[in-house]
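Asker: So that we are looking at the same thing, I have put the structure below in structure tokens.
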Amino acid sequence: MKPHTLSVLLAGLLLAGGVHATSAEHIHASHAWIRMLPGNLPAGAYVTLENDSDQPVTLKGASSAAYGEVMLHQSSNEGGISRMAMLDSLAIPAHGKALLAPASYHLMLMKAAAPVKPGDTVSLTLRFTDGSTLVTDFIARPANAVDDSH
Ligand SMILES: [Cu+2]
């Protein structure tokens, strides 16, 4: 088989794969965790994202088999009133990092497919505007868990 034939075959296989986006090898996730809240309250997911590349990378959202809806939010506190706003995207600077942490940026997890307990691992697929994705395991922690990412 000529090398050319092989590459055409591979291209065909990749196309057949369809939905498989490239894995974001330039992004590294650490300290990924979820703060569980009682009842059906939405849970916040937190993670540190580091960008190894020379280009800024933009997180545009995430999805998970465990949750029907995942939204990118930013918490703020104005005059003692805490608010959450939806964000379209969050930039991770070249050779820099973005911190998703309590009282700041987070992924809001809604419509749990099944109850998630502290200690469970939930896989989230982070999506970036360059089309790449990063599958990351988040550890579920109780509501009173403290942020240890610093
Ligand atoms: Cu939120």
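How things are named: the first chain in the structure tokens is A, the next is B, and so on; residues count from 1 in each chain; ligands count from 1 in the order shown.
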Name the residues of chain A that come out as strand (DSSP E) in a backbone DSSP run; write them as a ChimeraX atom specification.
Answerer: /A:27-35,43-51,57-63,67-78,81-86,90-92,97-100,105-112,121-128,133-141
Asker: Using only C-alpha atoms and all ligand atoms, which protein or nucleic acid residues are at most 6 Å from ligand 1, as a list in words?
Answerer: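 Written in the requested form, the residues are His73, Met84 and Met108 of chain A.
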Asker: Selection from above, all heavy atoms, as an mmCIF file, in the first residue's frame, can you write it?
Answerer:
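Below you can see out.cif, which holds the result:
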```
data_model
loop_
_atom_site.group_PDB
_atom_site.id
_atom_site.type_symbol
_atom_site.label_atom_id
_atom_site.label_comp_id
_atom_site.auth_asym_id
_atom_site.auth_seq_id
_atom_site.Cartn_x
_atom_site.Cartn_y
_atom_site.Cartn_z
ATOM 1 N N HIS A 73 -20.412 30.423 34.180
ATOM 2 C CA HIS A 73 -20.913 31.530 35.006
ATOM 3 C C HIS A 73 -19.763 32.303 35.634
ATOM 4 O O HIS A 73 -18.666 31.783 35.808
ATOM 5 C CB HIS A 73 -21.749 30.985 36.176
ATOM 6 C CG HIS A 73 -23.159 30.696 35.820
ATOM 7 N ND1 HIS A 73 -24.055 30.181 36.726
ATOM 8 C CD2 HIS A 73 -23.850 30.851 34.655
ATOM 9 C CE1 HIS A 73 -25.230 30.034 36.141
ATOM 10 N NE2 HIS A 73 -25.135 30.417 34.891
ATOM 11 N N MET A 84 -24.707 35.989 40.019
ATOM 12 C CA MET A 84 -24.076 35.154 39.008
ATOM 13 C C MET A 84 -24.499 35.652 37.645
ATOM 14 O O MET A 84 -25.669 35.963 37.438
ATOM 15 C CB MET A 84 -24.523 33.701 39.149
ATOM 16 C CG MET A 84 -23.795 32.954 40.239
ATOM 17 S SD MET A 84 -23.931 31.191 40.001
ATOM 18 C CE MET A 84 -25.633 30.921 40.389
ATOM 19 N N MET A 108 -21.618 25.839 35.941
ATOM 20 C CA MET A 108 -22.808 25.534 36.726
ATOM 21 C C MET A 108 -23.415 24.264 36.160
ATOM 22 O O MET A 108 -23.711 24.197 34.961
ATOM 23 C CB MET A 108 -23.794 26.710 36.581
ATOM 24 C CG MET A 108 -24.830 26.761 37.650
ATOM 25 S SD MET A 108 -24.309 27.881 38.993
ATOM 26 C CE MET A 108 -23.953 26.686 40.262
#
```
Asker: Looking at only C-alpha atoms, which of A:Met110, A:Pro102, A:Pro56, A:His95 is the one that sits closest to Val70 of chain A?
Answerer: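 Distance minimum relative to Val70 of chain A lands on A:Met110.
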Asker: Do a neighbour search on Ala145 of chain A at 10 Å with only C-alpha atoms, toss out local chain neighbours closer than 2 positions, and write the hits as a PyMOL selection string.
Answerer: chain A and resi 33-36+118+140-143+147-148
Asker: Include C-alpha atoms and write out the residues we just selected as an mmCIF file, in the first residue's frame.
Answerer:
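This is the output file out.cif:
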```cif
data_model
loop_
_atom_site.group_PDB
_atom_site.id
_atom_site.type_symbol
_atom_site.label_atom_id
_atom_site.label_comp_id
_atom_site.auth_asym_id
_atom_site.auth_seq_id
_atom_site.Cartn_x
_atom_site.Cartn_y
_atom_site.Cartn_z
ATOM 1 C CA TRP A 33 -13.753 19.538 41.754
ATOM 2 C CA ILE A 34 -17.458 20.076 42.218
ATOM 3 C CA ARG A 35 -19.184 21.541 45.250
ATOM 4 C CA MET A 36 -22.328 19.529 45.854
ATOM 5 C CA PRO A 118 -19.436 13.457 47.525
ATOM 6 C CA ALA A 140 -17.520 15.759 43.912
ATOM 7 C CA ARG A 141 -17.050 17.266 47.375
ATOM 8 C CA PRO A 142 -19.522 18.179 50.114
ATOM 9 C CA ALA A 143 -21.068 21.646 50.348
ATOM 10 C CA ASP A 147 -11.022 25.552 48.009
ATOM 11 C CA ASP A 148 -7.456 24.219 48.187
#
```
Asker: Which neighbours of Gln55 of chain A fall inside 12 Å, counting only C-alpha atoms, when residues of the same chain fewer than 6 positions from it are skipped, and could you give them as a count of residues only?
Answerer: 9
Asker: Figure out the distance between atom CA of Ala45 of chain A and atom CA of Glu69 of chain A, please, to one decimal in Å.
Answerer: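 Between atom CA of Glu69 of chain A and atom CA of Ala45 of chain A the gap is 12.4 Å.
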Asker: Figure out the distance between atom CA of Thr129 of chain A and atom CA of Gly44 of chain A, please, to one decimal in Å.
Answerer: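 Distance between the two atoms: 21.8 Å.
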